[in-house]
>>> print(open('structure_15.cif').read())   # mmCIF, C-alpha atoms
data_target
#
loop_
_atom_site.label_atom_id
_atom_site.label_comp_id
_atom_site.auth_asym_id
_atom_site.auth_seq_id
_atom_site.Cartn_x
_atom_site.Cartn_y
_atom_site.Cartn_z
CA MET A 111 13.14 -3.48 17.54
CA ASN A 112 15.39 -5.43 15.21
CA ILE A 113 14.99 -5.06 11.49
CA GLU A 114 13.85 -8.64 10.94
CA HIS A 115 10.62 -7.98 12.81
CA TYR A 116 9.79 -5.32 10.26
CA ILE A 117 10.91 -7.54 7.39
CA VAL A 118 8.61 -10.37 8.51
CA LEU A 119 5.69 -7.98 9.00
CA SER A 120 6.14 -6.38 5.58
CA VAL A 121 6.58 -9.71 3.82
CA ALA A 122 3.42 -11.03 5.47
CA LEU A 123 1.44 -7.95 4.43
CA PHE A 124 2.81 -8.25 0.90
CA CYS A 125 1.84 -11.92 0.68
CA ILE A 126 -1.66 -11.19 1.96
CA GLY A 127 -1.91 -8.68 -0.88
CA ILE A 128 -0.72 -11.28 -3.38
CA VAL A 129 -3.20 -13.85 -2.12
CA GLY A 130 -5.94 -11.26 -2.50
CA VAL A 131 -4.95 -10.50 -6.08
CA LEU A 132 -4.83 -14.20 -6.93
CA THR A 133 -8.07 -15.28 -5.28
CA ARG A 134 -10.52 -12.40 -5.59
CA ARG A 135 -12.29 -11.68 -8.85
CA ASN A 136 -13.65 -8.22 -8.05
CA ALA A 137 -11.52 -5.62 -9.84
CA ILE A 138 -11.85 -3.07 -7.05
CA ILE A 139 -10.69 -5.51 -4.39
CA ILE A 140 -7.76 -6.53 -6.60
CA PHE A 141 -6.87 -2.86 -6.81
CA MET A 142 -7.09 -2.50 -3.03
CA CYS A 143 -4.76 -5.46 -2.60
CA ILE A 144 -2.25 -3.73 -4.88
CA GLU A 145 -2.43 -0.72 -2.57
CA LEU A 146 -1.78 -3.05 0.34
CA MET A 147 1.37 -4.36 -1.35
CA LEU A 148 2.58 -0.82 -2.01
CA ASN A 149 2.11 0.00 1.66
CA ALA A 150 4.04 -3.09 2.75
CA ALA A 151 6.96 -1.91 0.62
CA ASN A 152 6.63 1.59 2.08
CA LEU A 153 6.77 0.28 5.64
CA LEU A 154 9.91 -1.69 4.89
CA LEU A 155 11.57 1.34 3.26
CA VAL A 156 10.93 3.45 6.34
CA ALA A 157 12.23 0.71 8.63
CA PHE A 158 15.42 0.36 6.58
CA SER A 159 15.85 4.11 6.54
CA LYS A 160 15.78 4.19 10.33
CA MET A 161 18.13 1.20 10.43
CA HIS A 162 20.69 3.01 8.30
CA TYR A 163 20.29 6.10 10.41
CA ALA A 164 20.98 4.09 13.54
CA ALA A 165 23.93 2.30 11.93
CA ALA A 166 25.51 5.54 10.74
CA ALA A 167 25.19 6.93 14.29
CA GLY A 168 24.09 10.28 12.88
CA GLN A 169 27.41 10.91 11.19
CA PRO A 170 25.97 12.57 8.16
CA ALA A 171 22.94 13.98 9.92
CA THR A 172 20.70 12.90 7.03
CA ALA A 173 21.84 9.28 6.75
CA GLY A 174 18.99 7.14 5.50
CA ILE A 175 16.76 10.04 4.55
CA ASP A 176 16.55 8.76 0.95
CA GLY A 177 14.30 5.91 2.02
CA GLN A 178 11.70 8.23 3.49
CA LEU A 179 11.77 10.42 0.40
CA PHE A 180 11.26 7.35 -1.77
CA VAL A 181 8.19 6.55 0.31
CA PHE A 182 6.95 10.06 -0.31
CA PHE A 183 7.35 9.62 -4.07
CA ILE A 184 5.70 6.19 -3.95
CA MET A 185 2.69 7.83 -2.29
CA VAL A 186 2.64 10.45 -5.07
CA VAL A 187 2.68 7.78 -7.76
CA ALA A 188 0.08 5.71 -5.92
CA ALA A 189 -2.33 8.63 -5.76
CA ALA A 190 -2.01 9.22 -9.50
CA GLU A 191 -2.31 5.48 -10.16
CA VAL A 192 -5.46 5.15 -8.09
CA SER A 193 -7.21 7.99 -9.88
CA VAL A 194 -6.44 6.58 -13.33
CA GLY A 195 -7.14 3.00 -12.29
CA LEU A 196 -10.50 3.81 -10.77
CA ALA A 197 -11.42 5.74 -13.92
CA ILE A 198 -10.59 2.64 -15.95
CA ILE A 199 -12.70 0.47 -13.61
CA VAL A 200 -15.65 2.87 -13.93
CA MET A 201 -15.21 2.74 -17.72
CA MET A 202 -15.18 -1.06 -17.64
CA TYR A 203 -18.30 -1.09 -15.48
CA ARG A 204 -20.06 1.12 -18.01
CA ASN A 205 -19.19 -1.25 -20.83
CA VAL A 206 -19.80 -4.68 -19.34
CA HIS A 207 -21.95 -3.76 -16.28
CA SER A 208 -19.74 -5.78 -13.99
CA VAL A 209 -16.40 -5.43 -12.23
CA ASP A 210 -15.67 -9.14 -12.42
CA VAL A 211 -12.29 -9.61 -14.06
CA ASN A 212 -13.44 -12.92 -15.53
CA PHE A 213 -15.43 -10.93 -18.08
CA LEU A 214 -12.26 -9.27 -19.32
CA ASN A 215 -11.01 -12.24 -21.30
CA ARG A 216 -11.63 -10.94 -24.79
CA LEU A 217 -7.95 -11.03 -25.67
CA LYS A 218 -8.18 -14.80 -25.28
CA HIS A 219 -10.59 -15.25 -28.17
CA MET B 221 8.84 -6.18 27.38
CA SER B 222 9.06 -2.47 26.89
CA ILE B 223 6.20 -0.26 25.88
CA SER B 224 7.45 0.12 22.31
CA GLN B 225 7.62 -3.64 21.90
CA VAL B 226 4.05 -3.98 23.12
CA LEU B 227 3.01 -1.26 20.70
CA PHE B 228 4.89 -2.92 17.87
CA TYR B 229 3.17 -6.27 18.39
CA PHE B 230 -0.23 -4.66 18.84
CA LEU B 231 0.08 -2.59 15.65
CA SER B 232 1.44 -5.57 13.72
CA ALA B 233 -1.41 -7.81 14.81
CA LEU B 234 -3.88 -5.07 13.92
CA ALA B 235 -2.32 -4.56 10.49
CA LEU B 236 -2.14 -8.26 9.66
CA GLY B 237 -5.63 -9.04 10.95
CA SER B 238 -7.31 -6.23 9.11
CA ALA B 239 -5.31 -7.00 5.96
CA LEU B 240 -6.65 -10.55 6.16
CA MET B 241 -10.16 -9.19 6.60
CA VAL B 242 -9.70 -7.09 3.44
CA VAL B 243 -9.16 -10.29 1.49
CA ILE B 244 -11.74 -12.40 3.31
CA SER B 245 -14.78 -10.15 3.58
CA ARG B 246 -17.38 -10.55 0.86
CA ASN B 247 -18.83 -7.06 0.92
CA PRO B 248 -16.54 -4.55 -0.90
CA VAL B 249 -17.52 -1.75 1.49
CA HIS B 250 -16.31 -3.83 4.42
CA SER B 251 -13.07 -4.47 2.55
CA VAL B 252 -12.52 -0.73 2.14
CA LEU B 253 -13.18 -0.11 5.83
CA TRP B 254 -10.74 -2.85 6.87
CA LEU B 255 -8.14 -1.40 4.51
CA ILE B 256 -8.53 1.95 6.28
CA VAL B 257 -7.81 0.17 9.58
CA THR B 258 -4.70 -1.37 8.00
CA PHE B 259 -3.49 2.02 6.83
CA PHE B 260 -3.99 3.51 10.27
CA ALA B 261 -1.96 0.67 11.78
CA ILE B 262 0.82 1.32 9.25
CA SER B 263 0.64 5.03 10.12
CA GLY B 264 1.07 4.03 13.75
CA HIS B 265 4.22 2.13 12.76
CA TYR B 266 5.55 5.22 10.98
CA ILE B 267 4.93 7.38 14.01
CA MET B 268 6.59 4.80 16.23
CA LEU B 269 9.63 4.93 13.93
CA ASN B 270 9.55 8.71 14.38
CA ALA B 271 8.76 9.24 10.70
CA GLN B 272 6.12 11.75 11.72
CA PHE B 273 5.71 13.44 8.37
CA LEU B 274 5.13 10.15 6.56
CA GLY B 275 2.73 9.00 9.27
CA ILE B 276 0.56 12.07 8.87
CA VAL B 277 0.79 12.01 5.08
CA ASN B 278 -0.14 8.33 5.07
CA MET B 279 -3.23 9.13 7.12
CA ILE B 280 -4.25 12.10 4.99
CA VAL B 281 -3.48 10.72 1.55
CA TYR B 282 -4.18 7.01 1.93
CA ALA B 283 -6.77 6.70 4.68
CA GLY B 284 -8.34 10.03 3.72
CA ALA B 285 -8.22 10.69 0.02
CA ILE B 286 -7.60 7.36 -1.69
CA MET B 287 -9.99 5.33 0.43
CA VAL B 288 -12.73 7.92 0.01
CA LEU B 289 -12.19 7.60 -3.73
CA PHE B 290 -12.62 3.83 -3.46
CA LEU B 291 -15.78 4.21 -1.38
CA PHE B 292 -17.10 6.73 -3.89
CA VAL B 293 -16.62 4.35 -6.80
CA ILE B 294 -18.16 1.42 -4.93
CA MET B 295 -21.21 3.43 -3.99
CA LEU B 296 -21.43 4.84 -7.52
CA MET B 297 -21.61 1.32 -8.92
CA ASN B 298 -23.95 0.15 -6.19
CA LEU B 299 -21.67 -2.75 -5.41
CA ASN B 300 -22.38 -3.01 -1.71
CA ALA B 301 -24.20 -6.26 -2.19
CA GLU B 302 -22.30 -9.51 -2.38
CA THR B 303 -22.06 -9.66 -6.12
CA GLU B 304 -19.09 -11.94 -6.46
CA PRO B 305 -20.04 -15.37 -7.76
CA GLN B 306 -18.44 -18.07 -5.68
CA LYS B 307 -16.99 -20.62 -7.96
CA ASN B 308 -13.90 -22.66 -8.47
CA LYS B 309 -12.66 -23.51 -5.00
CA TRP B 310 -9.49 -24.92 -6.53
CA MET B 311 -8.46 -21.54 -7.92
CA LYS B 312 -8.72 -20.07 -4.44
CA PHE B 313 -6.82 -22.95 -2.95
CA ALA B 314 -4.06 -22.55 -5.55
CA GLY B 315 -3.87 -18.83 -4.89
CA VAL B 316 -3.53 -19.30 -1.14
CA VAL B 317 -0.93 -22.03 -1.59
CA SER B 318 1.20 -19.96 -3.96
CA GLY B 319 0.98 -16.91 -1.71
CA GLY B 320 2.00 -19.05 1.24
CA CYS B 321 4.91 -20.48 -0.75
CA LEU B 322 6.13 -16.96 -1.52
CA LEU B 323 5.86 -16.04 2.16
CA MET B 324 7.81 -19.13 3.15
CA VAL B 325 10.57 -18.52 0.58
CA LEU B 326 11.00 -14.88 1.53
CA ILE B 327 11.14 -15.63 5.23
CA ALA B 328 13.54 -18.52 4.63
CA ALA B 329 15.76 -16.14 2.65
CA LEU B 330 15.85 -13.92 5.73
CA LYS B 331 17.71 -16.62 7.63
CA GLU B 332 21.00 -15.90 5.89
CA ALA B 333 20.42 -12.19 5.46
CA GLU B 334 23.22 -9.81 6.23
CA VAL B 335 21.06 -7.25 7.96
CA LYS B 336 19.70 -9.66 10.53
CA GLY B 337 20.07 -8.41 14.08
CA LYS B 338 20.62 -4.78 13.19
CA ALA B 339 18.45 -2.49 15.24
CA THR B 340 16.12 0.20 13.95
CA GLU B 341 15.92 3.40 15.89
CA LEU B 342 12.46 3.62 17.33
CA VAL B 343 11.35 6.78 19.05
CA THR B 344 14.30 9.08 18.46
CA GLY B 345 16.08 10.39 15.40
CA GLU B 346 15.61 13.54 13.41
CA ILE B 347 15.37 12.38 9.80
CA GLY B 348 11.64 11.77 9.78
CA LEU B 349 10.79 15.32 10.75
CA ILE B 350 9.44 17.74 8.18
CA ASP B 351 12.41 20.05 8.69
CA ASN B 352 15.03 17.62 7.39
CA LEU B 353 12.76 15.94 4.84
CA GLY B 354 11.83 19.29 3.32
CA LYS B 355 15.47 20.37 3.06
CA ALA B 356 16.43 17.14 1.30
CA LEU B 357 13.34 17.28 -0.90
CA PHE B 358 14.08 20.76 -2.19
CA THR B 359 17.82 20.30 -2.66
CA ASP B 360 18.76 16.75 -3.65
CA PHE B 361 15.36 15.60 -4.88
CA VAL B 362 14.03 18.73 -6.51
CA VAL B 363 14.01 17.30 -10.05
CA PRO B 364 11.85 14.25 -9.23
CA PHE B 365 9.66 16.53 -7.15
CA GLU B 366 8.98 18.76 -10.12
CA ILE B 367 8.52 15.78 -12.45
CA SER B 368 5.92 14.36 -10.08
CA SER B 369 3.85 17.51 -10.59
CA VAL B 370 3.87 16.75 -14.33
CA LEU B 371 2.82 13.19 -13.45
CA PHE B 372 -0.10 14.51 -11.44
CA LEU B 373 -1.16 16.79 -14.27
CA SER B 374 -1.04 13.95 -16.80
CA ALA B 375 -2.93 11.66 -14.41
CA MET B 376 -5.61 14.30 -14.01
CA VAL B 377 -5.94 14.81 -17.76
CA GLY B 378 -5.94 11.05 -18.33
CA THR B 379 -8.69 10.51 -15.77
CA VAL B 380 -10.88 13.17 -17.33
CA VAL B 381 -10.30 11.78 -20.83
CA ILE B 382 -11.06 8.20 -19.78
CA GLY B 383 -14.13 9.31 -17.89
CA LYS B 384 -15.53 11.41 -20.70
CA ARG B 385 -14.99 9.28 -23.78
CA GLU B 386 -18.11 7.20 -23.37
CA ALA B 387 -20.37 10.22 -23.17
CA LYS B 388 -18.94 11.63 -26.38
CA GLU B 389 -19.48 8.43 -28.35
CA ALA B 390 -23.00 7.85 -27.15
#
>>> encode(input="structure_15.cif", output="structure tokens")
Amino acid sequence: MNIEHYIVLSVALFCIGIVGVLTRRNAIIIFMCIELMLNAANLLLVAFSKMHYAAAAGQPATAGIDGQLFVFFIMVVAAAEVSVGLAIIVMMYRNVHSVDVNFLNRLKH
Amino acid sequence: MSISQVLFYFLSALALGSALMVVISRNPVHSVLWLIVTFFAISGHYIMLNAQFLGIVNMIVYAGAIMVLFLFVIMLMNLNAETEPQKNKWMKFAGVVSGGCLLMVLIAALKEAEVKGKATELVTGEIGLIDNLGKALFTDFVVPFEISSVLFLSAMVGTVVIGKREAKEA
């Protein structure tokens, strides 16, 4: 497969995530769309890592391995982010009894 | 059309369709379930790229742990009804249009891209195996690896603090 197939797929997944963030008002679904965008970036990193490996023809045997390790660290950060973010959403639900982000406009007033 | 091409298009269609269903479906529980399908499709892509370690980790961490956490929170809040008020069609329309514009610009930028036409290695290659990844992780990337453990610890402490503060005040 050529790299542009993966680029188009990742860009489409990323844009679906952006549309979700822009159109939905439920905080949990917004959060899930952010996860979707992170995964689109991860997929593209892995695809580029394999592209560099193929281009280097295995000359350093670990060519392109950085991309896969970056994906590993992105997963680490995403797990930490989800735990803190969901705690914040639970906190917000306790305070305003809703997860609608339209209620979080107090900074405006 | 070779078997890997068929698999690529099948997994891509699955990922895009279920990602769309995440955004479209009204019930948050259905959104979570569709997101799990998306993550499994992305894991399938990883395995097809012979990034076996990342494929398995994606299944365990994302589709297993993180999505269970989401389901837990949704059930805790009793959100499985359609609670979202439907208002302001124009906001939705504007969101879809701006997302589509971004998609169009990024894909148009691909037309002149330097990397176009370069092949990715599909079912062969050693770098995705745990052997090589582990060696690189514990030699070149050992400092970020250790720092990420501090990040996990601080995230854990932060979660407990955020979760407990209300009970202390009340």
>>> atom_distance(input="structure_15.cif", atom1="CA of Met311 (chain B)", atom2="CA of Arg134 (chain A)")
9.7 Å
>>> closest_atom_pairs(input="structure_15.cif", of="chain A", to="chain B", cutoff="6 Å", atoms="all atoms listed in the file", output="CSV")
residue,atom,partner,partner_atom,distance
A:Met111,CA,B:Ala339,CA,5.9
A:Asn112,CA,B:Ala339,CA,4.2
A:Ile113,CA,B:Ala339,CA,5.7
A:Glu114,CA,B:Lys336,CA,6.0
A:Cys125,CA,B:Gly319,CA,5.6
A:Val129,CA,B:Gly319,CA,5.2
A:Gly130,CA,B:Val243,CA,5.2
A:Leu132,CA,B:Gly315,CA,5.1
A:Thr133,CA,B:Lys312,CA,4.9
A:Lys160,CA,B:Thr340,CA,5.4
A:Met161,CA,B:Thr340,CA,4.2
A:Ala164,CA,B:Glu341,CA,5.6
A:Ile175,CA,B:Ile347,CA,5.9
A:Ala190,CA,B:Ala375,CA,5.6
A:Val194,CA,B:Thr379,CA,5.1
A:Ala197,CA,B:Thr379,CA,5.8
>>> atom_distance(input="structure_15.cif", atom1="CA of Asn298 (chain B)", atom2="CA of Gly195 (chain A)")
18.1 Å
>>> closest_residue(input="structure_15.cif", among="A:Val181, A:Val211, A:Leu155, A:Leu196", to="Met142 (chain A)", atoms="only C-alpha atoms")
A:Leu196
>>> atom_distance(input="structure_15.cif", atom1="CA of Leu119 (chain A)", atom2="CA of Leu154 (chain A)")
8.6 Å
>>> closest_residue(input="structure_15.cif", among="B:Ser238, B:Trp254, B:Ile267, B:Ser222", to="Leu153 (chain A)", atoms="only C-alpha atoms")
B:Ile267
>>> closest_residue(input="structure_15.cif", among="B:Met221, B:Ala261, B:Leu227, B:Ala283", to="Glu145 (chain A)", atoms="only C-alpha atoms")
B:Ala283
>>> residues_around(input="structure_15.cif", residues="Asn152 (chain A)", least_positions_apart="3", cutoff="9 Å", atoms="all atoms listed in the file", output="list in words")
Ser120, Met147, Leu148, Asn149, Leu155, Val156, Ala157, Gly177, Gln178, Phe180, Val181, Phe182, Ile184 and Met185 of chain A
>>> closest_residue(input="structure_15.cif", among="A:Val209, A:Val118, A:Ala189, A:Met202", to="Gly284 (chain B)", atoms="all atoms listed in the file")
A:Ala189
>>> build_atoms(input="structure_15.cif", residues="region 309-339 of chain B", atoms="N, CA and C atoms", output="mmCIF file, in the frame of the given file")
data_model
loop_
_atom_site.group_PDB
_atom_site.id
_atom_site.type_symbol
_atom_site.label_atom_id
_atom_site.label_comp_id
_atom_site.auth_asym_id
_atom_site.auth_seq_id
_atom_site.Cartn_x
_atom_site.Cartn_y
_atom_site.Cartn_z
ATOM 1 N N LYS B 309 -13.400 -23.457 -6.259
ATOM 2 C CA LYS B 309 -12.660 -23.510 -5.000
ATOM 3 C C LYS B 309 -11.179 -23.799 -5.231
ATOM 4 N N TRP B 310 -10.882 -24.539 -6.298
ATOM 5 C CA TRP B 310 -9.490 -24.920 -6.530
ATOM 6 C C TRP B 310 -8.625 -23.725 -6.878
ATOM 7 N N MET B 311 -9.221 -22.756 -7.601
ATOM 8 C CA MET B 311 -8.460 -21.540 -7.920
ATOM 9 C C MET B 311 -8.067 -20.822 -6.636
ATOM 10 N N LYS B 312 -9.026 -20.734 -5.705
ATOM 11 C CA LYS B 312 -8.720 -20.070 -4.440
ATOM 12 C C LYS B 312 -7.637 -20.805 -3.680
ATOM 13 N N PHE B 313 -7.799 -22.125 -3.653
ATOM 14 C CA PHE B 313 -6.820 -22.950 -2.950
ATOM 15 C C PHE B 313 -5.428 -22.747 -3.544
ATOM 16 N N ALA B 314 -5.358 -22.737 -4.888
ATOM 17 C CA ALA B 314 -4.060 -22.550 -5.550
ATOM 18 C C ALA B 314 -3.490 -21.179 -5.242
ATOM 19 N N GLY B 315 -4.350 -20.170 -5.204
ATOM 20 C CA GLY B 315 -3.870 -18.830 -4.890
ATOM 21 C C GLY B 315 -3.300 -18.749 -3.497
ATOM 22 N N VAL B 316 -4.014 -19.341 -2.523
ATOM 23 C CA VAL B 316 -3.530 -19.300 -1.140
ATOM 24 C C VAL B 316 -2.231 -20.069 -1.014
ATOM 25 N N VAL B 317 -2.151 -21.228 -1.698
ATOM 26 C CA VAL B 317 -0.930 -22.030 -1.590
ATOM 27 C C VAL B 317 0.254 -21.286 -2.195
ATOM 28 N N SER B 318 0.046 -20.632 -3.357
ATOM 29 C CA SER B 318 1.200 -19.960 -3.960
ATOM 30 C C SER B 318 1.601 -18.744 -3.156
ATOM 31 N N GLY B 319 0.623 -18.021 -2.589
ATOM 32 C CA GLY B 319 0.980 -16.910 -1.710
ATOM 33 C C GLY B 319 1.746 -17.377 -0.487
ATOM 34 N N GLY B 320 1.305 -18.505 0.077
ATOM 35 C CA GLY B 320 2.000 -19.050 1.240
ATOM 36 C C GLY B 320 3.404 -19.509 0.895
ATOM 37 N N CYS B 321 3.571 -20.055 -0.320
ATOM 38 C CA CYS B 321 4.910 -20.480 -0.750
ATOM 39 C C CYS B 321 5.831 -19.267 -0.846
ATOM 40 N N LEU B 322 5.305 -18.165 -1.405
ATOM 41 C CA LEU B 322 6.130 -16.960 -1.520
ATOM 42 C C LEU B 322 6.537 -16.463 -0.136
ATOM 43 N N LEU B 323 5.568 -16.469 0.785
ATOM 44 C CA LEU B 323 5.860 -16.040 2.160
ATOM 45 C C LEU B 323 6.957 -16.900 2.770
ATOM 46 N N MET B 324 6.847 -18.213 2.551
ATOM 47 C CA MET B 324 7.810 -19.130 3.150
ATOM 48 C C MET B 324 9.199 -18.903 2.555
ATOM 49 N N VAL B 325 9.263 -18.705 1.226
ATOM 50 C CA VAL B 325 10.570 -18.520 0.580
ATOM 51 C C VAL B 325 11.221 -17.228 1.048
ATOM 52 N N LEU B 326 10.415 -16.162 1.132
ATOM 53 C CA LEU B 326 11.000 -14.880 1.530
ATOM 54 C C LEU B 326 11.491 -14.922 2.965
ATOM 55 N N ILE B 327 10.718 -15.575 3.836
ATOM 56 C CA ILE B 327 11.140 -15.630 5.230
ATOM 57 C C ILE B 327 12.335 -16.561 5.393
ATOM 58 N N ALA B 328 12.378 -17.631 4.564
ATOM 59 C CA ALA B 328 13.540 -18.520 4.630
ATOM 60 C C ALA B 328 14.787 -17.798 4.135
ATOM 61 N N ALA B 329 14.608 -16.899 3.146
ATOM 62 C CA ALA B 329 15.760 -16.140 2.650
ATOM 63 C C ALA B 329 16.289 -15.200 3.724
ATOM 64 N N LEU B 330 15.427 -14.822 4.662
ATOM 65 C CA LEU B 330 15.850 -13.920 5.730
ATOM 66 C C LEU B 330 16.866 -14.583 6.659
ATOM 67 N N LYS B 331 16.873 -15.915 6.667
ATOM 68 C CA LYS B 331 17.710 -16.620 7.630
ATOM 69 C C LYS B 331 19.190 -16.315 7.446
ATOM 70 N N GLU B 332 19.589 -16.168 6.178
ATOM 71 C CA GLU B 332 21.000 -15.900 5.890
ATOM 72 C C GLU B 332 21.268 -14.429 5.621
ATOM 73 N N ALA B 333 20.269 -13.579 5.888
ATOM 74 C CA ALA B 333 20.420 -12.190 5.460
ATOM 75 C C ALA B 333 21.487 -11.481 6.272
ATOM 76 N N GLU B 334 22.125 -10.540 5.600
ATOM 77 C CA GLU B 334 23.220 -9.810 6.230
ATOM 78 C C GLU B 334 22.723 -8.859 7.303
ATOM 79 N N VAL B 335 21.525 -8.316 7.081
ATOM 80 C CA VAL B 335 21.060 -7.250 7.960
ATOM 81 C C VAL B 335 20.464 -7.774 9.254
ATOM 82 N N LYS B 336 20.418 -9.117 9.388
ATOM 83 C CA LYS B 336 19.700 -9.660 10.530
ATOM 84 C C LYS B 336 20.361 -9.217 11.834
ATOM 85 N N GLY B 337 19.543 -8.790 12.785
ATOM 86 C CA GLY B 337 20.070 -8.410 14.080
ATOM 87 C C GLY B 337 20.415 -6.943 14.201
ATOM 88 N N LYS B 338 20.387 -6.217 13.084
ATOM 89 C CA LYS B 338 20.620 -4.780 13.190
ATOM 90 C C LYS B 338 19.376 -4.110 13.745
ATOM 91 N N ALA B 339 19.581 -3.115 14.571
ATOM 92 C CA ALA B 339 18.450 -2.490 15.240
ATOM 93 C C ALA B 339 17.963 -1.287 14.441
#
